[in-house]
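S.K.: The structure under discussion is supplied below as structure tokens; questions concerning it will follow.
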Amino acid sequence: MISPKIIVFVTCLFVVVLLCSYFYLVVIKLVNIGVNRKKQLWLHQHQMEIEAYLLHGDLNQVSFVPQKAYQFRALEDFFSHYLTNYKIDQNENLVKKFVERYFLSEYRKNLFASSWSVRMNTLYFLDLFQFEVLTEDLLKRLACKNLTSEEEYQIYILLASLEYEHLYELFKLSKGLPPFLLNVMLNRMVNEDNIGEYIAHFQDLHPSWQIGLLDVIRNKNFRSWEVIKFLESLLTAEIRELRIRALKTIAHIGYVSSFNIMIVWFETNSQREDWLSTDSIGERLMVARVMGMIKDERFLPFLEQLIADQKYIVRAEAAKSIRKYKNGKERLLRIVHYHSDLYSRNIAMEWLERSIEND
Amino acid sequence: MERKPVCFVISEDFEFTLFLRMHLLQDYSLSLYKNDVNMFEQLLLSCPDCVILNVDKLSKEVVDKLTDLKKWCELHFIPIIVTVNQLEQQNLIKYFAIADTVFFHPINLFELVASMMKHVKKRKNFLSYSFIDSITGAFNVECLKAELKRQFSDMQRSFEPLSVVYLEVKTEQVSVIQENELVKRFVQFIKQSIRPTDFLGHYRGMKEFVLVLPKTVRLDAEKLMERLKQQLTTKEVKPNFLNKAILFSAKVVEVTDPTKTPEEWLSILEKFEQEDEISEAQVIELKKVKIAIIDDDRLIRELLVHQLQDIAETEFEFEIKSYADGEQFFNDPWHRQNERFLLIIDRIMPKMDGLEILQKIRTEYDRKRYLCFMLTSKGSEEDIALAIQKGANDYLTKPFSLKELQVRIKRLLRGTR
């Protein structure tokens, strides 16, 4: 049996701890409010000068050089806001010139600061500009022992923006990036001018880069004979994921050099033993999508085969693709009336009632 | 076949009626007055071109209504021919006052027929110069057809949308006179509610109308109809004898092919017996658009020809052609047809580039007939600004998203809807 005194003591202790936390939070909040007010006031005081600088760009006339930490933060906030709202030519970027002169030494230091949030904020802010002079500092930071994953990812993205030539070697030695961030990185590296090189060396690339590259082609809508031929060649790749991504990208681009390629592909692959297995859902789904995006009457028997698939997503995609054809509605209606499979009839009915306008 | 002129005969002398029937039936439709039905109701139903009033043995009810009859006939431009018995001396002046022509018994048939012919012809001529349907107060059907013709020819130049609404007033359980009153109020209400550029024309019977709504898409016309229906329930428009609001049905059709005649479009309107059949009409009648893809990249040309075929198959009928440069396009007489064109033009091409094509189209061709969509390179803001300045209707930077291109083109063709 616990003594009532102990219970009272513990309760009082909790109350005291809670009160202390509360007062601590209140004080922090008040301090933050005070700092924000000071930041606003300082910005307000220098508003005219900042505007004059952004209009005329005379670095020698700058009278708002920050001296204290809160002044740095105030300008940082202002510039971030300014740069995210207005598109500015990198060569004429007056903010970049200012930051380069007055902030860079501070940022060099901050990259190695003890506080994680200071380091991350610095990396995020640096992302607004391409400071090639910082490449060495970033590489040094990458080699540090106390580097966190988030910093590492952000540094890779920064290096990609800086077009660092040994990035691929560096990447191979690292533990890699999550797919989403890898795509962000590749999006910055790959452009219409260098896509040919990536395609030429595709087989030598890291598997995650291979998949990422296909996503980049899709995101950036790269369309050229070279890209089309490359995607078509990937349809017969050994790795299933590559085949799926290639199909997905073809569907997005909306073009194949010949419809026969798809017909032959479907006829060959549908004979595969594992074609109907769960592992092949992605391929069945994507080929149904391709046949809806690139429409040819000869694809319709295949789509009618896919509408009877055992998986809902494949059936739905096939029905949607049929609906996109000129006489798609009538075809779906025929499936609704005459198809022997109940699930096919249901999905055909669903897509008869749905609009493809917004899909 | 032209309808026979209708002659409304007010006679309570059986022999006179028989005389008229024997001699006039070949050239006229005779509508005979029945004393057990309201005279004006009969007049409204028969819509006569002339009235013959035989003043012989007239009952008191008829005599009392003569002044009103005169007013009614004046309002609807209907001549009154009075035949008077020589012995009838009482009220003779009164009969002379209402008559356009007076005949005394015994009647010379040729004189009567000649007089009727003269009056009916005069009335017909007069009505051909009139715009208003006297029964309902709306514009008459001839005027409606002329307006439709005018709008169609305007549409062929402007490519603005045009909606036509078939309106039918619902008049259940009311007499003919009440129906007329109700329709007049309805017409007055519609006239007050529409824009000055809209046009309400009488179509058929007493209660069928056609509302012409220029620069209006089907969806907006449908919204207008809903609003009017709503207003009718809240506003005090209805006559006293009606205990509920005036009801009407509205069937909206958007004109897609202005080369058809007004009669053809009116017959399309007639086809819709139920409102939900309207959407089917959209399938039958598609707007025609010619699309030219001018790009030196064969891949883009082939891709667009294939992908644009059916982007809006329920609304438009496309004819797509592709050209490798501006010279090829302008050398093909295809581009000179009197149709609506959408040009998808690449900015950079050998021979004649995108901006040159745009400039030529905007300076030498009908601005409204040619929609121009530019494909510019990424990051060349100057090019974009120049293209817009030179009159591009929209642009997209290469490499473009197919979906975005399709949506933008659809919006461009549909206008702001």
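We label chains A, B, ... in the order they appear in the structure tokens, count residues from 1 in each chain, and number ligands from 1 in the order shown.
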Please list as a PyMOL selection string every residue within 12 Å of Leu43 in chain A, counting only C-alpha atoms and excluding residues in the same chain fewer than 2 positions away.

M.R.: chain A and resi 36-41+45-51+64-66+70-79

S.K.: Restricted to N, CA and C atoms, what would the selected residues look like written as a CSV table (one decimal), in the first residue's frame?

M.R.:
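Result file follows (part.csv):
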```
chain,number,residue,atom,x,y,z
A,36,ASN,N,11.2,38.4,-33.1
A,36,ASN,CA,10.5,38.7,-34.4
A,36,ASN,C,10.1,40.2,-34.5
A,37,ARG,N,9.8,40.8,-33.4
A,37,ARG,CA,9.4,42.2,-33.4
A,37,ARG,C,10.7,43.0,-33.8
A,38,LYS,N,11.8,42.6,-33.2
A,38,LYS,CA,13.1,43.3,-33.6
A,38,LYS,C,13.4,43.1,-35.0
A,39,LYS,N,13.2,41.9,-35.6
A,39,LYS,CA,13.5,41.6,-37.0
A,39,LYS,C,12.6,42.5,-37.9
A,40,GLN,N,11.3,42.5,-37.5
A,40,GLN,CA,10.3,43.3,-38.3
A,40,GLN,C,10.8,44.8,-38.3
A,41,LEU,N,11.1,45.3,-37.1
A,41,LEU,CA,11.5,46.7,-36.9
A,41,LEU,C,12.7,47.0,-37.8
A,45,GLN,N,12.9,49.5,-40.9
A,45,GLN,CA,13.9,50.6,-40.9
A,45,GLN,C,14.7,50.6,-42.2
A,46,HIS,N,15.0,49.5,-42.7
A,46,HIS,CA,15.9,49.4,-43.9
A,46,HIS,C,15.2,49.1,-45.2
A,47,GLN,N,13.9,49.1,-45.1
A,47,GLN,CA,13.1,48.7,-46.3
A,47,GLN,C,13.5,49.5,-47.5
A,48,MET,N,13.6,50.8,-47.3
A,48,MET,CA,13.8,51.7,-48.5
A,48,MET,C,15.2,51.3,-49.1
A,49,GLU,N,16.2,51.1,-48.2
A,49,GLU,CA,17.5,50.8,-48.7
A,49,GLU,C,17.6,49.5,-49.4
A,50,ILE,N,16.8,48.5,-48.9
A,50,ILE,CA,16.8,47.1,-49.5
A,50,ILE,C,16.2,47.3,-50.9
A,51,GLU,N,15.0,48.0,-50.9
A,51,GLU,CA,14.4,48.2,-52.2
A,51,GLU,C,15.3,48.9,-53.2
A,64,PHE,N,22.6,48.4,-45.3
A,64,PHE,CA,21.9,47.5,-44.4
A,64,PHE,C,22.6,46.2,-44.2
A,65,VAL,N,23.9,46.3,-44.1
A,65,VAL,CA,24.7,45.1,-43.8
A,65,VAL,C,24.4,44.6,-42.4
A,66,PRO,N,23.9,43.4,-42.3
A,66,PRO,CA,23.5,42.9,-40.9
A,66,PRO,C,24.8,42.7,-40.0
A,70,TYR,N,20.0,38.4,-35.3
A,70,TYR,CA,18.6,38.6,-35.7
A,70,TYR,C,18.5,39.4,-37.0
A,71,GLN,N,19.5,40.2,-37.2
A,71,GLN,CA,19.4,41.0,-38.5
A,71,GLN,C,19.7,40.0,-39.7
A,72,PHE,N,20.6,39.1,-39.4
A,72,PHE,CA,20.9,38.1,-40.5
A,72,PHE,C,19.6,37.3,-40.8
A,73,ARG,N,19.0,36.8,-39.7
A,73,ARG,CA,17.7,36.0,-39.9
A,73,ARG,C,16.7,36.9,-40.6
A,74,ALA,N,16.6,38.1,-40.2
A,74,ALA,CA,15.5,39.0,-40.9
A,74,ALA,C,15.8,39.1,-42.4
A,75,LEU,N,17.0,39.3,-42.7
A,75,LEU,CA,17.3,39.5,-44.2
A,75,LEU,C,17.1,38.1,-44.9
A,76,GLU,N,17.5,37.1,-44.2
A,76,GLU,CA,17.4,35.7,-44.7
A,76,GLU,C,15.9,35.4,-45.1
A,77,ASP,N,15.1,35.7,-44.1
A,77,ASP,CA,13.6,35.5,-44.3
A,77,ASP,C,13.1,36.3,-45.5
A,78,PHE,N,13.6,37.6,-45.5
A,78,PHE,CA,13.1,38.5,-46.5
A,78,PHE,C,13.5,38.0,-47.9
A,79,PHE,N,14.8,37.6,-48.0
A,79,PHE,CA,15.3,37.1,-49.3
A,79,PHE,C,14.7,35.8,-49.8
```

S.K.: List every residue of chain A that has an atom at most 12 Å from any atom of chain B, giving for each one its closest atom pair and the distance in Å to one decimal, counting only C-alpha atoms, sorted by chain and then by ascending residue number, as a Markdown table.

M.R.:
```
| residue | atom | partner | partner_atom | distance |
| --- | --- | --- | --- | --- |
| A:Lys87 | CA | B:Glu381 | CA | 10.9 |
| A:Ile88 | CA | B:Gly379 | CA | 11.4 |
| A:Asp89 | CA | B:Gly379 | CA | 9.9 |
| A:Gln90 | CA | B:Gly379 | CA | 11.9 |
| A:Asn191 | CA | B:Pro399 | CA | 10.5 |
| A:Glu192 | CA | B:Pro399 | CA | 8.7 |
| A:Ile217 | CA | B:Pro399 | CA | 10.2 |
| A:Arg218 | CA | B:Ser401 | CA | 9.1 |
| A:Asn219 | CA | B:Ser401 | CA | 8.6 |
| A:Lys220 | CA | B:Pro399 | CA | 6.8 |
| A:Asn221 | CA | B:Pro399 | CA | 5.4 |
| A:Phe222 | CA | B:Pro399 | CA | 5.9 |
| A:Arg223 | CA | B:Pro399 | CA | 7.0 |
| A:Ser224 | CA | B:Leu299 | CA | 6.9 |
| A:Trp225 | CA | B:Leu299 | CA | 7.0 |
| A:Glu226 | CA | B:Leu299 | CA | 10.6 |
| A:Val227 | CA | B:Leu299 | CA | 11.0 |
| A:Ile228 | CA | B:Leu299 | CA | 9.4 |
| A:Lys229 | CA | B:Leu299 | CA | 11.7 |
| A:Thr249 | CA | B:Ser401 | CA | 12.0 |
| A:Ile250 | CA | B:Leu402 | CA | 11.7 |
| A:Ala251 | CA | B:Leu402 | CA | 10.3 |
| A:His252 | CA | B:Leu402 | CA | 7.6 |
| A:Ile253 | CA | B:Leu402 | CA | 7.0 |
| A:Gly254 | CA | B:Leu303 | CA | 7.0 |
| A:Tyr255 | CA | B:Leu303 | CA | 5.9 |
| A:Val256 | CA | B:Leu303 | CA | 8.7 |
| A:Ser257 | CA | B:Leu299 | CA | 8.7 |
| A:Ser258 | CA | B:Glu302 | CA | 11.1 |
| A:Phe259 | CA | B:His306 | CA | 11.7 |
| A:Gly292 | CA | B:Gln307 | CA | 10.8 |
| A:Met293 | CA | B:Gln307 | CA | 8.0 |
| A:Ile294 | CA | B:Gln307 | CA | 7.5 |
| A:Lys295 | CA | B:His306 | CA | 8.1 |
| A:Asp296 | CA | B:His306 | CA | 9.6 |
| A:Arg323 | CA | B:Asp310 | CA | 11.7 |
| A:Lys324 | CA | B:Asp310 | CA | 8.5 |
| A:Tyr325 | CA | B:Asp310 | CA | 8.0 |
| A:Lys326 | CA | B:Asp310 | CA | 6.9 |
| A:Asn327 | CA | B:Glu313 | CA | 10.1 |
| A:Gly328 | CA | B:Glu313 | CA | 11.4 |
| A:Lys329 | CA | B:Thr314 | CA | 11.5 |
| A:Ser355 | CA | B:Thr314 | CA | 11.9 |
| A:Ile356 | CA | B:Ile311 | CA | 10.5 |
| A:Glu357 | CA | B:Ala312 | CA | 9.0 |
| A:Asn358 | CA | B:Val407 | CA | 9.4 |
| A:Asp359 | CA | B:Lys403 | CA | 9.4 |
```

S.K.: Next, write the just-selected residues to a file, as a CSV table (one decimal), in the first residue's frame, keeping C-alpha atoms as the atom set.

M.R.:
```csv
chain,number,residue,atom,x,y,z
A,87,LYS,CA,11.6,34.5,-60.9
A,88,ILE,CA,15.0,36.1,-61.3
A,89,ASP,CA,17.7,35.5,-63.9
A,90,GLN,CA,20.6,33.8,-62.0
A,191,ASN,CA,18.5,18.1,-69.0
A,192,GLU,CA,17.6,17.9,-72.7
A,217,ILE,CA,12.3,11.4,-68.5
A,218,ARG,CA,8.6,11.2,-67.5
A,219,ASN,CA,8.6,14.3,-65.3
A,220,LYS,CA,10.4,16.4,-67.8
A,221,ASN,CA,8.5,15.2,-70.8
A,222,PHE,CA,11.7,14.5,-72.8
A,223,ARG,CA,10.6,13.5,-76.3
A,224,SER,CA,13.1,12.5,-79.0
A,225,TRP,CA,13.7,9.6,-81.3
A,226,GLU,CA,16.6,8.6,-79.1
A,227,VAL,CA,14.5,8.5,-76.0
A,228,ILE,CA,11.7,6.6,-77.8
A,229,LYS,CA,14.1,4.0,-79.1
A,249,THR,CA,7.1,6.4,-69.3
A,250,ILE,CA,5.9,5.4,-72.8
A,251,ALA,CA,2.3,5.9,-71.7
A,252,HIS,CA,3.1,9.4,-70.4
A,253,ILE,CA,5.0,10.4,-73.5
A,254,GLY,CA,2.1,9.0,-75.6
A,255,TYR,CA,4.1,7.7,-78.5
A,256,VAL,CA,5.7,4.5,-79.9
A,257,SER,CA,7.6,4.3,-83.2
A,258,SER,CA,5.3,1.5,-84.4
A,259,PHE,CA,2.1,0.0,-82.9
A,292,GLY,CA,-5.3,3.8,-73.6
A,293,MET,CA,-2.8,6.6,-74.2
A,294,ILE,CA,-1.7,5.4,-77.6
A,295,LYS,CA,-4.9,4.3,-79.2
A,296,ASP,CA,-5.0,1.8,-82.0
A,323,ARG,CA,-13.4,4.2,-72.6
A,324,LYS,CA,-10.9,6.6,-74.2
A,325,TYR,CA,-11.3,5.0,-77.7
A,326,LYS,CA,-13.6,6.6,-80.2
A,327,ASN,CA,-16.3,3.9,-79.8
A,328,GLY,CA,-15.2,3.1,-76.3
A,329,LYS,CA,-18.6,3.6,-74.8
A,355,SER,CA,-16.0,10.7,-67.0
A,356,ILE,CA,-12.5,10.4,-68.5
A,357,GLU,CA,-12.3,14.2,-68.8
A,358,ASN,CA,-10.5,14.7,-65.6
A,359,ASP,CA,-8.4,11.6,-65.5
```

S.K.: From a DSSP pass on the backbone, collect the residues of range 201-336 of chain B flagged as strand (DSSP E or B) and hand them back as number ranges by chain.

M.R.: B: 201-204, 208-214, 247-254, 287-294, 316-323

S.K.: Would you save the residues from that selection as a tab-separated table (two decimals), in the first residue's frame, using N, CA and C atoms?

M.R.:
```tsv
chain	number	residue	atom	x	y	z
B	201	GLY	N	-38.93	34.58	-79.80
B	201	GLY	CA	-39.82	34.51	-80.95
B	201	GLY	C	-40.92	33.50	-80.73
B	202	HIS	N	-42.10	33.79	-81.27
B	202	HIS	CA	-43.20	32.84	-81.19
B	202	HIS	C	-42.94	31.77	-82.24
B	203	TYR	N	-43.14	30.51	-81.87
B	203	TYR	CA	-42.82	29.45	-82.81
B	203	TYR	C	-44.07	28.80	-83.38
B	204	ARG	N	-44.85	28.18	-82.52
B	204	ARG	CA	-46.02	27.44	-83.02
B	204	ARG	C	-47.15	27.52	-82.02
B	208	GLU	N	-45.83	27.82	-77.77
B	208	GLU	CA	-44.48	27.35	-78.06
B	208	GLU	C	-43.62	28.52	-78.56
B	209	PHE	N	-42.46	28.68	-77.92
B	209	PHE	CA	-41.60	29.82	-78.26
B	209	PHE	C	-40.16	29.35	-78.45
B	210	VAL	N	-39.40	30.19	-79.09
B	210	VAL	CA	-37.96	29.90	-79.23
B	210	VAL	C	-37.19	31.12	-78.74
B	211	LEU	N	-36.27	30.85	-77.83
B	211	LEU	CA	-35.47	31.93	-77.28
B	211	LEU	C	-34.06	31.81	-77.87
B	212	VAL	N	-33.59	32.86	-78.48
B	212	VAL	CA	-32.25	32.84	-79.09
B	212	VAL	C	-31.30	33.58	-78.16
B	213	LEU	N	-30.24	32.88	-77.75
B	213	LEU	CA	-29.30	33.47	-76.80
B	213	LEU	C	-27.90	33.55	-77.42
B	214	PRO	N	-27.56	34.68	-78.03
B	214	PRO	CA	-26.22	34.78	-78.61
B	214	PRO	C	-25.14	34.82	-77.54
B	247	LEU	N	-45.77	27.53	-65.18
B	247	LEU	CA	-44.74	26.52	-65.41
B	247	LEU	C	-44.40	26.47	-66.89
B	248	PHE	N	-43.15	26.15	-67.17
B	248	PHE	CA	-42.79	25.97	-68.58
B	248	PHE	C	-41.66	24.96	-68.70
B	249	SER	N	-41.57	24.35	-69.87
B	249	SER	CA	-40.45	23.43	-70.08
B	249	SER	C	-39.47	24.09	-71.05
B	250	ALA	N	-38.19	23.81	-70.84
B	250	ALA	CA	-37.17	24.45	-71.68
B	250	ALA	C	-36.19	23.40	-72.17
B	251	LYS	N	-35.92	23.41	-73.44
B	251	LYS	CA	-34.94	22.47	-74.00
B	251	LYS	C	-33.87	23.28	-74.72
B	252	VAL	N	-32.67	23.15	-74.22
B	252	VAL	CA	-31.58	23.99	-74.73
B	252	VAL	C	-30.73	23.22	-75.75
B	253	VAL	N	-30.44	23.86	-76.84
B	253	VAL	CA	-29.53	23.26	-77.82
B	253	VAL	C	-28.49	24.31	-78.19
B	254	GLU	N	-27.23	23.89	-78.21
B	254	GLU	CA	-26.21	24.84	-78.65
B	254	GLU	C	-25.97	24.63	-80.14
B	287	LYS	N	-19.12	20.56	-83.79
B	287	LYS	CA	-18.49	21.74	-84.40
B	287	LYS	C	-17.28	21.27	-85.20
B	288	LYS	N	-17.09	21.87	-86.36
B	288	LYS	CA	-15.97	21.43	-87.20
B	288	LYS	C	-14.76	22.35	-86.98
B	289	VAL	N	-13.62	21.74	-86.75
B	289	VAL	CA	-12.39	22.51	-86.57
B	289	VAL	C	-11.28	21.86	-87.37
B	290	LYS	N	-10.51	22.68	-88.04
B	290	LYS	CA	-9.36	22.15	-88.76
B	290	LYS	C	-8.11	22.46	-87.95
B	291	ILE	N	-7.30	21.44	-87.71
B	291	ILE	CA	-6.08	21.66	-86.92
B	291	ILE	C	-4.86	21.49	-87.82
B	292	ALA	N	-3.97	22.47	-87.76
B	292	ALA	CA	-2.72	22.36	-88.50
B	292	ALA	C	-1.57	22.30	-87.49
B	293	ILE	N	-0.75	21.28	-87.61
B	293	ILE	CA	0.42	21.17	-86.73
B	293	ILE	C	1.64	21.54	-87.57
B	294	ILE	N	2.29	22.61	-87.18
B	294	ILE	CA	3.44	23.08	-87.97
B	294	ILE	C	4.68	22.97	-87.09
B	316	PHE	N	-16.30	18.23	-80.89
B	316	PHE	CA	-15.72	18.74	-82.12
B	316	PHE	C	-15.41	17.63	-83.12
B	317	GLU	N	-15.44	18.02	-84.36
B	317	GLU	CA	-15.02	17.09	-85.41
B	317	GLU	C	-13.75	17.69	-86.00
B	318	PHE	N	-12.64	16.99	-85.85
B	318	PHE	CA	-11.37	17.55	-86.28
B	318	PHE	C	-10.94	17.03	-87.65
B	319	GLU	N	-10.25	17.90	-88.35
B	319	GLU	CA	-9.51	17.45	-89.52
B	319	GLU	C	-8.09	17.93	-89.27
B	320	ILE	N	-7.16	17.00	-89.11
B	320	ILE	CA	-5.80	17.38	-88.71
B	320	ILE	C	-4.82	17.18	-89.86
B	321	LYS	N	-4.00	18.19	-90.08
B	321	LYS	CA	-2.93	18.06	-91.07
B	321	LYS	C	-1.64	18.56	-90.44
B	322	SER	N	-0.49	18.03	-90.90
B	322	SER	CA	0.76	18.50	-90.32
B	322	SER	C	1.71	18.99	-91.40
B	323	TYR	N	2.50	19.96	-91.03
B	323	TYR	CA	3.45	20.58	-91.97
B	323	TYR	C	4.80	20.74	-91.29
```

S.K.: Would you list the contacts of range 96-99 of chain A as a PyMOL selection string, taking every protein, DNA or RNA residue within 7 Å and counting only C-alpha atoms, but skipping same-chain residues closer than 4 positions in sequence?

M.R.: chain A and resi 103-104+129

S.K.: Convert the current residue selection to file output with C-alpha atoms, as a PDB file, in the first residue's frame.

M.R.:
```
ATOM      1  CA  PHE A 103      26.668  36.010 -45.802  1.00  0.00           C
ATOM      2  CA  LEU A 104      29.047  33.494 -47.281  1.00  0.00           C
ATOM      3  CA  PHE A 129      21.592  29.934 -55.080  1.00  0.00           C
TER       4      PHE A 129
END
```

S.K.: Please provide the set of residues having any atom within 12 Å of Tyr168 in chain A, restricted to only C-alpha atoms, with same-chain residues fewer than 6 positions apart removed, written as a ChimeraX atom specification.

M.R.: /A:156,159-160,174,176,182,185-186,189,198,204-206,208-209

S.K.: Take the residues from that selection and write them out as a PDB file, in the first residue's frame, keeping N, CA and C atoms.

M.R.:
```
ATOM      1  N   TYR A 156      23.833  16.273 -51.301  1.00  0.00           N
ATOM      2  CA  TYR A 156      23.821  15.657 -52.638  1.00  0.00           C
ATOM      3  C   TYR A 156      23.001  16.497 -53.604  1.00  0.00           C
ATOM      4  N   LEU A 159      24.933  19.540 -54.502  1.00  0.00           N
ATOM      5  CA  LEU A 159      26.031  19.223 -55.431  1.00  0.00           C
ATOM      6  C   LEU A 159      25.491  18.978 -56.835  1.00  0.00           C
ATOM      7  N   ALA A 160      24.302  18.359 -56.917  1.00  0.00           N
ATOM      8  CA  ALA A 160      23.681  18.135 -58.231  1.00  0.00           C
ATOM      9  C   ALA A 160      23.389  19.473 -58.897  1.00  0.00           C
ATOM     10  N   SER A 174      28.314   6.036 -51.280  1.00  0.00           N
ATOM     11  CA  SER A 174      27.392   6.339 -50.175  1.00  0.00           C
ATOM     12  C   SER A 174      26.355   5.234 -50.031  1.00  0.00           C
ATOM     13  N   GLY A 176      23.310   5.742 -50.487  1.00  0.00           N
ATOM     14  CA  GLY A 176      22.212   6.069 -51.402  1.00  0.00           C
ATOM     15  C   GLY A 176      21.213   7.057 -50.847  1.00  0.00           C
ATOM     16  N   LEU A 182      16.265  11.038 -54.572  1.00  0.00           N
ATOM     17  CA  LEU A 182      17.102  10.695 -55.724  1.00  0.00           C
ATOM     18  C   LEU A 182      16.509  11.331 -56.985  1.00  0.00           C
ATOM     19  N   MET A 185      17.237  14.929 -57.064  1.00  0.00           N
ATOM     20  CA  MET A 185      18.626  15.143 -57.449  1.00  0.00           C
ATOM     21  C   MET A 185      18.809  14.970 -58.965  1.00  0.00           C
ATOM     22  N   LEU A 186      18.253  13.878 -59.480  1.00  0.00           N
ATOM     23  CA  LEU A 186      18.418  13.616 -60.921  1.00  0.00           C
ATOM     24  C   LEU A 186      17.706  14.680 -61.765  1.00  0.00           C
ATOM     25  N   MET A 189      20.041  17.309 -62.339  1.00  0.00           N
ATOM     26  CA  MET A 189      21.230  16.991 -63.127  1.00  0.00           C
ATOM     27  C   MET A 189      20.925  16.784 -64.602  1.00  0.00           C
ATOM     28  N   TYR A 198      23.354  10.128 -70.640  1.00  0.00           N
ATOM     29  CA  TYR A 198      22.822   9.205 -69.629  1.00  0.00           C
ATOM     30  C   TYR A 198      22.266   7.943 -70.277  1.00  0.00           C
ATOM     31  N   ASP A 204      25.513   1.083 -67.406  1.00  0.00           N
ATOM     32  CA  ASP A 204      26.556   1.171 -66.375  1.00  0.00           C
ATOM     33  C   ASP A 204      26.059   1.871 -65.119  1.00  0.00           C
ATOM     34  N   LEU A 205      24.893   2.456 -65.186  1.00  0.00           N
ATOM     35  CA  LEU A 205      24.417   3.239 -64.031  1.00  0.00           C
ATOM     36  C   LEU A 205      23.950   2.345 -62.888  1.00  0.00           C
ATOM     37  N   HIS A 206      23.980   2.918 -61.701  1.00  0.00           N
ATOM     38  CA  HIS A 206      23.472   2.233 -60.512  1.00  0.00           C
ATOM     39  C   HIS A 206      21.986   1.924 -60.731  1.00  0.00           C
ATOM     40  N   SER A 208      19.377   2.126 -58.977  1.00  0.00           N
ATOM     41  CA  SER A 208      18.443   3.165 -58.509  1.00  0.00           C
ATOM     42  C   SER A 208      18.469   4.385 -59.453  1.00  0.00           C
ATOM     43  N   TRP A 209      19.646   4.647 -60.046  1.00  0.00           N
ATOM     44  CA  TRP A 209      19.734   5.755 -60.999  1.00  0.00           C
ATOM     45  C   TRP A 209      19.000   5.395 -62.291  1.00  0.00           C
TER      46      TRP A 209
END
```

S.K.: For CA of Gln173 in chain B and CA of Leu45 in chain B, quote the distance in Å rounded to one decimal.

M.R.: 15.8 Å

S.K.: Would you pick out the contacts of Gln86 in chain B at 12 Å or less, using only C-alpha atoms, so that residues sharing its chain but fewer than 3 positions from it are not included, and give the list as a list in words?

M.R.: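 Counting only C-alpha atoms, the residues come to Asn54, Val55, Asp56, Thr83, Gln89, Gln90, Leu92, Val102, Phe103, Phe104, His105, Pro106 and Ile107 of chain B.
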
S.K.: Quick one: of A:Leu242, A:Leu235, A:Met291, A:Leu181, who's nearest to Gln210 in chain A, counting only C-alpha atoms?

M.R.: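 Of A:Leu242, A:Leu235, A:Met291, A:Leu181, the one nearest Gln210 in chain A is A:Leu242, counting only C-alpha atoms.
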
S.K.: Expressed in Å to a single decimal, how great is the separation between CA of Asp332 in chain B and CA of Met349 in chain B?

M.R.: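 For CA of Asp332 in chain B relative to CA of Met349 in chain B, the distance reads 17.5 Å.
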
S.K.: Using the chain letters and numbers from this document, which residues of range 295-366 of chain B does DSSP assign to helix (DSSP H, G or I), as an NGL selection string?

M.R.: :B and (298-308 or 326-331 or 333-336 or 354-364)

S.K.: Could you pull the residues within 12 Å of Gln389 in chain B, counting only C-alpha atoms, minus those fewer than 4 positions along the same chain, as a PyMOL selection string?

M.R.: chain B and resi 355+358-359+362+374+382-385+393-395

S.K.: By how many Å are CA of Phe299 in chain A and CA of Ile335 in chain A apart?

M.R.: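 These two atoms are separated by 15.8 Å.
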
S.K.: Within 12 Å of Leu126 in chain A, counting only C-alpha atoms, which residues show up once you throw out same-chain ones fewer than 6 positions away? Write them as a list in words, please.

M.R.: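 Residues near the query, excluding close chain neighbours: Glu76, Phe79, Ser80, Leu83, Val95, Lys96, Val99, Glu100, Phe103, Leu104, Glu106, Tyr107, Arg108, Asn110, Leu111, Arg119, Met120, Glu132, Val133, Leu134, Thr135, Leu138, Gln154, Ile155, Ile157, Leu158, Leu159, Ser161 and Leu162 of chain A.
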
S.K.: Nearest residue to Ser277 in chain A out of A:Glu304, A:Glu297, A:Asp309, A:Asp127, using only C-alpha atoms?

M.R.: A:Asp309
